[in-house]
>>> print(open('run33.csv').read())   # CSV, C-alpha atoms
chain,number,residue,atom,x,y,z
A,1,MET,CA,-25.4,-41.3,2.5
A,2,LYS,CA,-25.1,-37.5,3.2
A,3,ILE,CA,-23.7,-36.7,6.7
A,4,ASP,CA,-24.2,-33.2,8.1
A,5,GLU,CA,-20.7,-31.6,8.4
A,6,ARG,CA,-21.6,-30.0,11.7
A,7,HIS,CA,-22.2,-33.5,13.2
A,8,LEU,CA,-18.7,-34.5,12.1
A,9,VAL,CA,-17.2,-31.4,13.7
A,10,GLN,CA,-19.0,-32.3,17.0
A,11,LEU,CA,-17.7,-35.9,16.8
A,12,ALA,CA,-14.1,-34.6,16.2
A,13,ALA,CA,-14.4,-32.3,19.2
A,14,VAL,CA,-15.5,-35.2,21.5
A,15,VAL,CA,-12.7,-37.5,20.2
A,16,GLN,CA,-10.1,-34.8,20.6
A,17,ALA,CA,-11.3,-33.9,24.2
A,18,GLY,CA,-11.9,-37.5,25.3
A,19,GLY,CA,-15.4,-36.7,26.6
A,20,VAL,CA,-18.8,-35.3,25.6
A,21,THR,CA,-18.8,-32.5,28.2
A,22,GLU,CA,-15.3,-31.5,27.3
A,23,GLY,CA,-15.9,-31.7,23.6
A,24,ALA,CA,-19.0,-29.6,23.8
A,25,ALA,CA,-17.1,-26.9,25.7
A,26,LEU,CA,-14.4,-27.0,23.0
A,27,ILE,CA,-16.8,-25.9,20.3
A,28,GLY,CA,-19.2,-23.8,22.4
A,29,LEU,CA,-22.2,-26.2,22.6
A,30,THR,CA,-24.0,-27.8,25.5
A,31,GLN,CA,-23.4,-31.4,26.6
A,32,PRO,CA,-27.0,-32.5,26.0
A,33,ALA,CA,-26.9,-31.1,22.4
A,34,VAL,CA,-23.8,-32.9,21.5
A,35,SER,CA,-25.0,-36.1,23.1
A,36,ARG,CA,-28.2,-36.0,21.0
A,37,THR,CA,-26.1,-35.4,17.9
A,38,LEU,CA,-23.9,-38.4,18.5
A,39,SER,CA,-26.9,-40.7,19.4
A,40,MET,CA,-28.7,-39.6,16.2
A,41,LEU,CA,-25.6,-40.1,14.1
A,42,GLU,CA,-25.1,-43.7,15.5
A,43,LYS,CA,-28.7,-44.6,14.7
A,44,ARG,CA,-28.4,-43.3,11.2
A,45,LEU,CA,-25.1,-45.1,10.5
A,46,GLY,CA,-26.3,-48.3,12.3
A,47,GLU,CA,-22.8,-48.5,13.8
A,48,PRO,CA,-21.3,-47.5,17.2
A,49,LEU,CA,-18.9,-44.5,17.2
A,50,PHE,CA,-17.3,-45.2,20.5
A,51,LEU,CA,-16.2,-48.4,22.4
A,52,LYS,CA,-18.5,-49.1,25.3
A,53,GLY,CA,-17.3,-48.8,28.8
A,54,ARG,CA,-14.1,-46.9,28.0
A,55,ARG,CA,-13.1,-43.7,29.8
A,56,PRO,CA,-11.9,-41.4,28.4
A,57,LEU,CA,-14.0,-42.2,25.4
A,58,GLN,CA,-12.3,-44.1,22.7
A,59,PRO,CA,-13.7,-44.1,19.1
A,60,THR,CA,-14.3,-47.2,17.0
A,61,ALA,CA,-12.5,-47.5,13.7
A,62,LEU,CA,-15.4,-45.9,12.0
A,63,GLY,CA,-15.7,-43.2,14.7
A,64,ARG,CA,-12.0,-42.4,14.3
A,65,ALA,CA,-12.2,-42.2,10.5
A,66,LEU,CA,-15.2,-39.9,10.6
A,67,ALA,CA,-13.6,-37.8,13.4
A,68,ASP,CA,-10.6,-37.2,11.2
A,69,HIS,CA,-12.8,-35.7,8.5
A,70,GLY,CA,-14.5,-33.6,11.2
A,71,GLN,CA,-11.1,-32.5,12.6
A,72,ALA,CA,-10.1,-31.2,9.2
A,73,MET,CA,-13.4,-29.2,9.1
A,74,LEU,CA,-12.8,-28.0,12.6
A,75,ALA,CA,-9.3,-26.8,11.8
A,76,ALA,CA,-10.6,-25.0,8.6
A,77,SER,CA,-13.3,-23.3,10.7
A,78,ARG,CA,-10.7,-22.1,13.2
A,79,LYS,CA,-8.5,-20.8,10.4
A,80,ALA,CA,-11.5,-19.0,8.9
A,81,SER,CA,-12.3,-17.5,12.3
A,82,GLN,CA,-8.6,-16.4,12.7
A,83,LEU,CA,-8.7,-14.9,9.2
A,84,VAL,CA,-11.8,-12.9,10.0
A,85,ASP,CA,-10.3,-11.6,13.3
A,86,SER,CA,-7.0,-10.8,11.5
A,87,PHE,CA,-8.9,-9.0,8.7
A,88,ARG,CA,-10.9,-7.0,11.2
A,89,MET,CA,-7.8,-6.0,13.1
A,90,GLY,CA,-6.1,-4.9,9.8
A,91,GLN,CA,-3.5,-7.7,10.1
A,92,SER,CA,-4.4,-9.3,6.8
A,93,GLY,CA,-6.1,-8.4,3.5
A,94,LEU,CA,-5.3,-6.6,0.3
A,95,VAL,CA,-4.4,-3.0,-0.3
A,96,ARG,CA,-4.6,-1.7,-3.9
A,97,VAL,CA,-2.6,1.5,-4.1
A,98,GLY,CA,-1.9,3.7,-7.1
A,99,GLY,CA,0.3,6.8,-7.4
A,100,THR,CA,2.4,9.0,-9.5
A,101,PRO,CA,5.4,7.0,-10.8
A,102,PHE,CA,8.5,9.0,-9.6
A,103,PHE,CA,7.0,9.6,-6.2
A,104,MET,CA,6.0,6.0,-5.7
A,105,ASP,CA,9.4,4.7,-6.8
A,106,ALA,CA,11.4,7.2,-4.7
A,107,LEU,CA,9.5,7.1,-1.4
A,108,ILE,CA,6.4,5.0,-1.2
A,109,SER,CA,8.0,1.7,-2.3
A,110,GLY,CA,10.3,1.9,0.7
A,111,MET,CA,7.4,2.6,3.0
A,112,ILE,CA,5.6,-0.4,1.6
A,113,ALA,CA,8.6,-2.6,2.4
A,114,GLU,CA,8.6,-1.3,6.0
A,115,PHE,CA,4.9,-1.8,6.3
A,116,GLN,CA,5.0,-5.4,5.1
A,117,THR,CA,7.9,-6.2,7.4
A,118,ALA,CA,5.5,-5.5,10.3
A,119,HIS,CA,2.4,-6.9,8.5
A,120,PRO,CA,3.5,-9.8,6.3
A,121,ASP,CA,0.0,-11.1,5.7
A,122,ILE,CA,-1.2,-7.9,4.0
A,123,ARG,CA,-0.7,-8.0,0.3
A,124,ILE,CA,0.1,-4.7,-1.6
A,125,ASP,CA,-0.9,-4.3,-5.3
A,126,GLN,CA,0.7,-1.2,-6.6
A,127,SER,CA,-0.1,0.6,-9.9
A,128,TYR,CA,0.9,3.9,-11.5
A,129,GLY,CA,-1.1,6.9,-12.8
A,130,TYR,CA,-1.7,10.6,-12.6
A,131,LEU,CA,-4.6,12.3,-11.0
A,132,PRO,CA,-7.2,11.8,-13.8
A,133,ASP,CA,-6.4,8.1,-14.1
A,134,LEU,CA,-6.2,7.6,-10.3
A,135,ARG,CA,-9.5,9.4,-9.8
A,136,ALA,CA,-11.2,7.1,-12.4
A,137,ALA,CA,-9.6,4.0,-10.8
A,138,LEU,CA,-11.0,5.0,-7.4
A,139,HIS,CA,-14.5,5.5,-8.8
A,140,ALA,CA,-14.3,2.2,-10.7
A,141,ASP,CA,-13.1,0.3,-7.5
A,142,ARG,CA,-9.8,-0.7,-9.2
A,143,ILE,CA,-7.8,0.8,-6.4
A,144,ASP,CA,-8.5,1.6,-2.7
A,145,LEU,CA,-6.0,4.4,-2.2
A,146,ALA,CA,-4.3,7.0,-4.4
A,147,ILE,CA,-1.1,8.8,-3.4
A,148,CYS,CA,-0.7,11.9,-5.6
A,149,PRO,CA,-0.3,15.7,-5.8
A,150,ILE,CA,-3.5,17.8,-5.9
A,151,ASP,CA,-4.0,21.5,-6.3
A,152,ILE,CA,-7.8,21.6,-6.3
A,153,LEU,CA,-10.3,18.9,-5.3
A,154,ASP,CA,-13.6,19.5,-7.0
A,155,GLU,CA,-16.6,19.8,-4.7
A,156,GLY,CA,-19.0,16.9,-5.1
A,157,SER,CA,-16.2,14.6,-6.4
A,158,GLY,CA,-17.1,12.0,-3.8
A,159,LEU,CA,-13.4,11.9,-2.8
A,160,SER,CA,-11.6,12.7,0.4
A,161,PHE,CA,-8.0,14.0,0.5
A,162,ASP,CA,-5.5,14.0,3.4
A,163,GLU,CA,-2.4,16.0,2.9
A,164,ILE,CA,0.9,14.4,3.8
A,165,LEU,CA,3.5,16.8,2.2
A,166,PRO,CA,3.6,20.1,0.4
A,167,GLY,CA,3.9,19.4,-3.3
A,168,ARG,CA,6.9,21.4,-4.5
A,169,ASN,CA,8.8,20.7,-7.8
A,170,VAL,CA,12.3,21.8,-8.5
A,171,VAL,CA,14.9,21.9,-11.3
A,172,ALA,CA,17.2,18.9,-10.6
A,173,CYS,CA,20.7,18.3,-11.9
A,174,ARG,CA,23.8,16.3,-11.1
A,175,THR,CA,25.8,17.4,-8.1
A,176,GLY,CA,28.8,18.6,-10.2
A,177,HIS,CA,26.7,20.6,-12.7
A,178,PRO,CA,28.3,23.8,-14.0
A,179,LEU,CA,25.3,25.9,-13.0
A,180,LEU,CA,25.9,25.2,-9.4
A,181,GLY,CA,29.1,27.2,-9.6
A,182,ARG,CA,27.4,30.4,-10.8
A,183,ARG,CA,27.4,33.2,-8.2
A,184,LYS,CA,24.1,34.5,-9.5
A,185,LEU,CA,22.0,32.1,-11.5
A,186,ASN,CA,19.8,33.6,-14.2
A,187,ALA,CA,16.8,31.4,-15.1
A,188,ARG,CA,17.5,31.8,-18.8
A,189,GLN,CA,20.8,30.1,-18.3
A,190,LEU,CA,18.8,26.9,-18.0
A,191,LEU,CA,18.1,27.1,-21.7
A,192,ASP,CA,21.8,26.5,-22.5
A,193,PHE,CA,21.6,22.9,-21.3
A,194,PRO,CA,19.7,19.8,-22.4
A,195,TRP,CA,16.6,18.5,-20.6
A,196,ILE,CA,15.0,15.2,-19.6
A,197,ALA,CA,11.4,15.3,-20.8
A,198,PRO,CA,8.8,14.9,-17.9
A,199,PRO,CA,6.2,12.2,-18.3
A,200,PRO,CA,3.3,13.3,-20.4
A,201,GLY,CA,0.2,14.2,-18.4
A,202,SER,CA,2.2,14.7,-15.2
A,203,PRO,CA,2.3,17.9,-13.1
A,204,LEU,CA,6.1,17.9,-13.9
A,205,HIS,CA,5.2,18.5,-17.5
A,206,ASP,CA,2.9,21.3,-16.7
A,207,ASP,CA,5.5,22.9,-14.4
A,208,LEU,CA,8.2,22.8,-17.1
A,209,ARG,CA,5.9,24.6,-19.4
A,210,SER,CA,5.2,27.2,-16.8
A,211,LEU,CA,8.9,27.7,-16.2
A,212,LEU,CA,9.5,28.1,-20.0
A,213,LEU,CA,6.7,30.7,-20.2
A,214,SER,CA,8.2,32.6,-17.2
A,215,MET,CA,11.5,32.8,-19.1
A,216,GLY,CA,9.8,33.9,-22.3
A,217,ALA,CA,11.0,30.7,-24.1
A,218,MET,CA,8.9,28.4,-26.3
A,219,GLU,CA,11.1,25.3,-26.4
A,220,ILE,CA,14.1,23.6,-24.8
A,221,LYS,CA,16.6,21.0,-25.9
A,222,ILE,CA,15.1,17.6,-25.0
A,223,ARG,CA,17.7,14.9,-25.1
A,224,TYR,CA,16.1,12.1,-23.2
A,225,SER,CA,12.5,10.9,-22.6
A,226,GLY,CA,10.4,8.0,-21.5
A,227,GLY,CA,12.7,6.6,-18.8
A,228,SER,CA,11.8,5.5,-15.3
A,229,LEU,CA,12.9,7.5,-12.3
A,230,HIS,CA,16.1,5.5,-11.8
A,231,SER,CA,17.0,5.7,-15.5
A,232,ALA,CA,16.5,9.4,-15.4
A,233,VAL,CA,18.7,9.8,-12.4
A,234,ASN,CA,21.4,7.6,-13.9
A,235,TYR,CA,21.2,9.7,-17.1
A,236,MET,CA,21.4,12.9,-15.1
A,237,ARG,CA,24.4,11.9,-13.0
A,238,ALA,CA,26.4,11.3,-16.2
A,239,THR,CA,25.4,14.4,-18.2
A,240,ASP,CA,24.6,18.1,-17.7
A,241,ALA,CA,20.9,17.4,-18.4
A,242,LEU,CA,18.3,19.1,-16.3
A,243,ALA,CA,14.9,17.8,-15.2
A,244,VAL,CA,11.9,18.9,-13.3
A,245,LEU,CA,11.4,16.6,-10.3
A,246,PRO,CA,9.4,16.6,-7.1
A,247,HIS,CA,11.6,18.0,-4.3
A,248,SER,CA,10.8,15.0,-2.2
A,249,VAL,CA,12.3,12.8,-4.9
A,250,VAL,CA,15.6,14.8,-4.9
A,251,PHE,CA,15.5,14.5,-1.1
A,252,ALA,CA,15.1,10.7,-1.3
A,253,PHE,CA,18.4,10.5,-3.3
A,254,ARG,CA,20.3,12.7,-0.9
A,255,HIS,CA,22.5,10.0,0.6
A,256,GLU,CA,23.7,8.9,-2.9
A,257,LYS,CA,24.9,12.5,-3.5
A,258,ALA,CA,24.2,12.0,-7.2
A,259,ILE,CA,21.6,14.7,-7.8
A,260,THR,CA,20.6,18.0,-6.3
A,261,ALA,CA,18.5,21.0,-7.1
A,262,LEU,CA,19.1,24.5,-8.5
A,263,PRO,CA,18.0,27.6,-6.7
A,264,VAL,CA,15.3,28.3,-9.2
A,265,GLU,CA,11.7,29.1,-8.4
A,266,ILE,CA,9.2,27.2,-10.6
A,267,PRO,CA,5.9,29.0,-11.0
A,268,HIS,CA,3.3,26.4,-10.2
A,269,PRO,CA,0.0,26.4,-8.3
A,270,GLU,CA,-0.2,25.6,-4.6
A,271,ARG,CA,-0.2,21.9,-4.5
A,272,ALA,CA,-0.1,19.1,-1.9
A,273,LEU,CA,0.8,15.5,-1.9
A,274,GLY,CA,-1.6,13.3,-0.1
A,275,LEU,CA,-3.9,10.3,0.2
A,276,LEU,CA,-7.0,10.3,-2.0
A,277,ARG,CA,-9.9,7.9,-1.3
A,278,MET,CA,-13.6,7.4,-1.9
A,279,ALA,CA,-15.3,9.4,0.8
A,280,GLU,CA,-18.3,7.1,1.4
A,281,ALA,CA,-16.8,3.7,0.5
A,282,PRO,CA,-16.6,0.9,3.1
A,283,ARG,CA,-13.3,1.1,4.9
A,284,ALA,CA,-11.1,-2.0,4.8
A,285,PRO,CA,-9.0,-2.2,8.0
A,286,ALA,CA,-5.8,-3.2,6.1
A,287,VAL,CA,-6.2,-0.1,3.9
A,288,ASP,CA,-6.7,2.1,6.9
A,289,ARG,CA,-3.6,0.6,8.6
A,290,PHE,CA,-1.5,1.2,5.5
A,291,ALA,CA,-2.8,4.7,5.0
A,292,ALA,CA,-1.9,5.5,8.7
A,293,HIS,CA,1.6,4.0,8.2
A,294,VAL,CA,2.2,6.3,5.2
A,295,SER,CA,0.9,9.4,7.1
A,296,ARG,CA,3.1,8.6,10.1
A,297,SER,CA,6.1,8.1,7.8
A,298,PHE,CA,5.7,11.5,6.3
A,299,GLN,CA,5.1,13.2,9.6
A,300,ASN,CA,8.6,12.1,10.5
A,301,LEU,CA,10.0,13.3,7.1
A,302,ARG,CA,8.3,16.7,6.8
A,303,HIS,CA,10.8,18.5,9.0
A,304,LEU,CA,13.8,16.8,7.3
A,305,ILE,CA,12.5,17.6,3.8
A,306,GLY,CA,11.9,21.2,4.8
A,307,ARG,CA,15.5,21.5,6.2
A,308,HIS,CA,16.9,19.9,3.0
A,309,GLU,CA,15.0,22.5,0.9
A,310,GLN,CA,16.4,25.4,2.8
A,311,ALA,CA,20.0,24.1,3.0
A,312,VAL,CA,20.4,22.6,-0.5
A,313,ILE,CA,18.2,24.6,-2.7
A,314,TRP,CA,18.3,28.0,-1.1
A,315,GLY,CA,21.5,27.8,0.8
A,316,ALA,CA,19.9,29.0,4.0
>>> encode(input="run33.csv", output="structure tokens")
Amino acid sequence: MKIDERHLVQLAAVVQAGGVTEGAALIGLTQPAVSRTLSMLEKRLGEPLFLKGRRPLQPTALGRALADHGQAMLAASRKASQLVDSFRMGQSGLVRVGGTPFFMDALISGMIAEFQTAHPDIRIDQSYGYLPDLRAALHADRIDLAICPIDILDEGSGLSFDEILPGRNVVACRTGHPLLGRRKLNARQLLDFPWIAPPPGSPLHDDLRSLLLSMGAMEIKIRYSGGSLHSAVNYMRATDALAVLPHSVVFAFRHEKAITALPVEIPHPERALGLLRMAEAPRAPAVDRFAAHVSRSFQNLRHLIGRHEQAVIWGA
């Protein structure tokens, strides 16, 4: 015998409330509608669902057993409603975010932790990539949001970009590096020291090439490649190796006092770090909430990062 699940939910509400009127109000139905449902269900079962003459209503053994099933459905329905409300308010859901590796590791990972402390029901799936890969991932709906540096956004790309920080790269070194003691640093002196290779395909790689061309050099001494951000920093702090890094990454390590930046201008195009999204895609509230969190976090950091650049890099 197949029983309509909605009838079990109504039965559970009446049993829980102790009366038809109260039970109907509990689930947003009218008393006559619920009374008809219970009467029809009793006729179909051929068994009473409530003991006669008892107030408040008391279910029979069969009524109680069926009401227990209805109660489970009622609880599931309420949880589903709460889930929908939570999703619409941006309190739950999934955020798929991709970004450039060093920048994500140095700054965004900490912002994700802060965000999830306030929103523990939102799951974050993080991936790595540079602009071409991230752009393809957005178009293929593999990620919802990209955090990366951009110099030009092609017209007609179908993407929107919100700047969060100027994208400036610097020559990084350990805090006790010999070049920091030079009164007047000549850029060609950088060629006397080994280098950490930037990740292939990254803006860091392009900027190192531009720096070399500006010095009239064709090659440098690469001593280390392929490591993560933290491995590169650990290598740098123990050697005299140099590396091209985003200034924001050097800033993120300021409290450790392990690395700093040299007063060397890297010739690279005007570039900004920001949030890249599909312009016309449906907006998920959790993604909007996370994007707003990242934007607010960088609003608070922009001034500090600017002061750090003037004081540490240019000595102003």
>>> residues_around(input="run33.csv", residues="A:Val97", least_positions_apart="2", cutoff="6 Å", atoms="only C-alpha atoms", output="list of chain:residue names")
A:Gln126, A:Ile143, A:Leu145, A:Ala146
>>> closest_residue(input="run33.csv", among="A:Arg307, A:Arg277, A:Ala172, A:Arg254", to="A:Leu159", atoms="all atoms listed in the file")
A:Arg277
>>> residues_around(input="run33.csv", residues="A:Ile305", least_positions_apart="2", cutoff="9 Å", atoms="all atoms listed in the file", output="list in words")
His247, Ser248, Phe251, Ala252, Leu301, Arg302, His303, Arg307, His308, Glu309 and Gln310 of chain A
>>> write_last_selection(input="run33.csv", atoms="C-alpha atoms", output="PDB file, keeping the file's coordinate frame")
ATOM      1  CA  HIS A 247      11.600  18.000  -4.300  1.00  0.00           C
ATOM      2  CA  SER A 248      10.800  15.000  -2.200  1.00  0.00           C
ATOM      3  CA  PHE A 251      15.500  14.500  -1.100  1.00  0.00           C
ATOM      4  CA  ALA A 252      15.100  10.700  -1.300  1.00  0.00           C
ATOM      5  CA  LEU A 301      10.000  13.300   7.100  1.00  0.00           C
ATOM      6  CA  ARG A 302       8.300  16.700   6.800  1.00  0.00           C
ATOM      7  CA  HIS A 303      10.800  18.500   9.000  1.00  0.00           C
ATOM      8  CA  ARG A 307      15.500  21.500   6.200  1.00  0.00           C
ATOM      9  CA  HIS A 308      16.900  19.900   3.000  1.00  0.00           C
ATOM     10  CA  GLU A 309      15.000  22.500   0.900  1.00  0.00           C
ATOM     11  CA  GLN A 310      16.400  25.400   2.800  1.00  0.00           C
TER      12      GLN A 310
END
>>> closest_atom_pairs(input="run33.csv", of="stretch 81-149 of chain A", to="stretch 196-209 of chain A", cutoff="9 Å", atoms="all atoms listed in the file", output="tab-separated table")
residue	atom	partner	partner_atom	distance
A:Thr100	CA	A:Ser202	CA	8.1
A:Gly129	CA	A:Ser202	CA	8.8
A:Tyr130	CA	A:Ser202	CA	6.2
A:Leu131	CA	A:Ser202	CA	8.3
A:Pro149	CA	A:Pro203	CA	8.1
>>> residues_around(input="run33.csv", residues="A:Gly98", least_positions_apart="2", cutoff="12 Å", atoms="only C-alpha atoms", output="count of residues only")
37
>>> decode(input="run33.csv", residues="stretch 28-106 of chain A", atoms="C-alpha atoms", output="PDB file, in the first residue's frame")
ATOM      1  CA  GLY A  28       0.518  26.219   7.335  1.00  0.00           C
ATOM      2  CA  LEU A  29      -2.685  24.396   6.365  1.00  0.00           C
ATOM      3  CA  THR A  30      -6.327  24.885   7.328  1.00  0.00           C
ATOM      4  CA  GLN A  31      -8.087  22.743   9.941  1.00  0.00           C
ATOM      5  CA  PRO A  32     -10.731  21.408   7.490  1.00  0.00           C
ATOM      6  CA  ALA A  33      -8.038  20.333   5.001  1.00  0.00           C
ATOM      7  CA  VAL A  34      -6.104  18.392   7.645  1.00  0.00           C
ATOM      8  CA  SER A  35      -9.297  16.836   9.037  1.00  0.00           C
ATOM      9  CA  ARG A  36     -10.199  15.575   5.551  1.00  0.00           C
ATOM     10  CA  THR A  37      -6.727  14.117   5.122  1.00  0.00           C
ATOM     11  CA  LEU A  38      -6.881  12.208   8.425  1.00  0.00           C
ATOM     12  CA  SER A  39     -10.395  10.923   7.709  1.00  0.00           C
ATOM     13  CA  MET A  40      -9.378   9.751   4.232  1.00  0.00           C
ATOM     14  CA  LEU A  41      -6.241   8.080   5.607  1.00  0.00           C
ATOM     15  CA  GLU A  42      -8.221   6.182   8.281  1.00  0.00           C
ATOM     16  CA  LYS A  43     -10.695   4.945   5.655  1.00  0.00           C
ATOM     17  CA  ARG A  44      -7.893   3.768   3.420  1.00  0.00           C
ATOM     18  CA  LEU A  45      -6.071   1.977   6.236  1.00  0.00           C
ATOM     19  CA  GLY A  46      -9.248   0.582   7.778  1.00  0.00           C
ATOM     20  CA  GLU A  47      -7.809   1.425  11.184  1.00  0.00           C
ATOM     21  CA  PRO A  48      -8.250   4.374  13.555  1.00  0.00           C
ATOM     22  CA  LEU A  49      -5.315   6.724  13.945  1.00  0.00           C
ATOM     23  CA  PHE A  50      -6.401   8.295  17.257  1.00  0.00           C
ATOM     24  CA  LEU A  51      -8.057   7.002  20.420  1.00  0.00           C
ATOM     25  CA  LYS A  52     -11.649   8.151  20.634  1.00  0.00           C
ATOM     26  CA  GLY A  53     -12.685  10.656  23.250  1.00  0.00           C
ATOM     27  CA  ARG A  54      -9.166  11.708  24.279  1.00  0.00           C
ATOM     28  CA  ARG A  55      -8.174  15.370  24.523  1.00  0.00           C
ATOM     29  CA  PRO A  56      -5.523  16.285  23.616  1.00  0.00           C
ATOM     30  CA  LEU A  57      -5.570  13.786  20.785  1.00  0.00           C
ATOM     31  CA  GLN A  58      -3.669  10.599  21.482  1.00  0.00           C
ATOM     32  CA  PRO A  59      -2.568   8.396  18.595  1.00  0.00           C
ATOM     33  CA  THR A  60      -3.147   4.675  18.403  1.00  0.00           C
ATOM     34  CA  ALA A  61      -0.122   2.404  18.084  1.00  0.00           C
ATOM     35  CA  LEU A  62      -0.479   2.509  14.299  1.00  0.00           C
ATOM     36  CA  GLY A  63      -1.033   6.267  14.374  1.00  0.00           C
ATOM     37  CA  ARG A  64       2.120   6.748  16.449  1.00  0.00           C
ATOM     38  CA  ALA A  65       4.211   4.550  14.143  1.00  0.00           C
ATOM     39  CA  LEU A  66       3.048   6.367  11.032  1.00  0.00           C
ATOM     40  CA  ALA A  67       3.471   9.743  12.739  1.00  0.00           C
ATOM     41  CA  ASP A  68       7.114   8.875  13.518  1.00  0.00           C
ATOM     42  CA  HIS A  69       7.754   8.432   9.789  1.00  0.00           C
ATOM     43  CA  GLY A  70       5.949  11.690   9.087  1.00  0.00           C
ATOM     44  CA  GLN A  71       7.984  13.444  11.771  1.00  0.00           C
ATOM     45  CA  ALA A  72      11.208  12.401  10.034  1.00  0.00           C
ATOM     46  CA  MET A  73       9.836  13.847   6.779  1.00  0.00           C
ATOM     47  CA  LEU A  74       8.737  17.016   8.552  1.00  0.00           C
ATOM     48  CA  ALA A  75      12.193  17.440  10.090  1.00  0.00           C
ATOM     49  CA  ALA A  76      13.853  16.856   6.703  1.00  0.00           C
ATOM     50  CA  SER A  77      11.524  19.397   5.100  1.00  0.00           C
ATOM     51  CA  ARG A  78      12.405  21.974   7.745  1.00  0.00           C
ATOM     52  CA  LYS A  79      16.116  21.326   7.286  1.00  0.00           C
ATOM     53  CA  ALA A  80      15.705  21.732   3.540  1.00  0.00           C
ATOM     54  CA  SER A  81      13.877  25.028   4.074  1.00  0.00           C
ATOM     55  CA  GLN A  82      16.621  26.209   6.414  1.00  0.00           C
ATOM     56  CA  LEU A  83      19.223  25.173   3.859  1.00  0.00           C
ATOM     57  CA  VAL A  84      17.490  27.188   1.143  1.00  0.00           C
ATOM     58  CA  ASP A  85      17.234  30.231   3.433  1.00  0.00           C
ATOM     59  CA  SER A  86      20.886  29.854   4.420  1.00  0.00           C
ATOM     60  CA  PHE A  87      21.945  29.531   0.775  1.00  0.00           C
ATOM     61  CA  ARG A  88      19.967  32.608  -0.244  1.00  0.00           C
ATOM     62  CA  MET A  89      21.548  34.607   2.572  1.00  0.00           C
ATOM     63  CA  GLY A  90      25.037  33.464   1.606  1.00  0.00           C
ATOM     64  CA  GLN A  91      25.523  31.524   4.844  1.00  0.00           C
ATOM     65  CA  SER A  92      26.058  28.148   3.171  1.00  0.00           C
ATOM     66  CA  GLY A  93      27.130  26.773  -0.170  1.00  0.00           C
ATOM     67  CA  LEU A  94      30.293  26.180  -2.180  1.00  0.00           C
ATOM     68  CA  VAL A  95      32.873  28.686  -3.430  1.00  0.00           C
ATOM     69  CA  ARG A  96      35.294  27.459  -6.102  1.00  0.00           C
ATOM     70  CA  VAL A  97      38.180  29.904  -6.229  1.00  0.00           C
ATOM     71  CA  GLY A  98      41.356  29.780  -8.303  1.00  0.00           C
ATOM     72  CA  GLY A  99      44.373  32.037  -8.252  1.00  0.00           C
ATOM     73  CA  THR A 100      48.066  32.539  -8.820  1.00  0.00           C
ATOM     74  CA  PRO A 101      50.035  30.239  -6.469  1.00  0.00           C
ATOM     75  CA  PHE A 102      52.340  32.598  -4.522  1.00  0.00           C
ATOM     76  CA  PHE A 103      49.611  35.198  -4.045  1.00  0.00           C
ATOM     77  CA  MET A 104      47.068  32.610  -2.897  1.00  0.00           C
ATOM     78  CA  ASP A 105      49.498  31.030  -0.434  1.00  0.00           C
ATOM     79  CA  ALA A 106      50.782  34.299   1.032  1.00  0.00           C
TER      80      ALA A 106
END
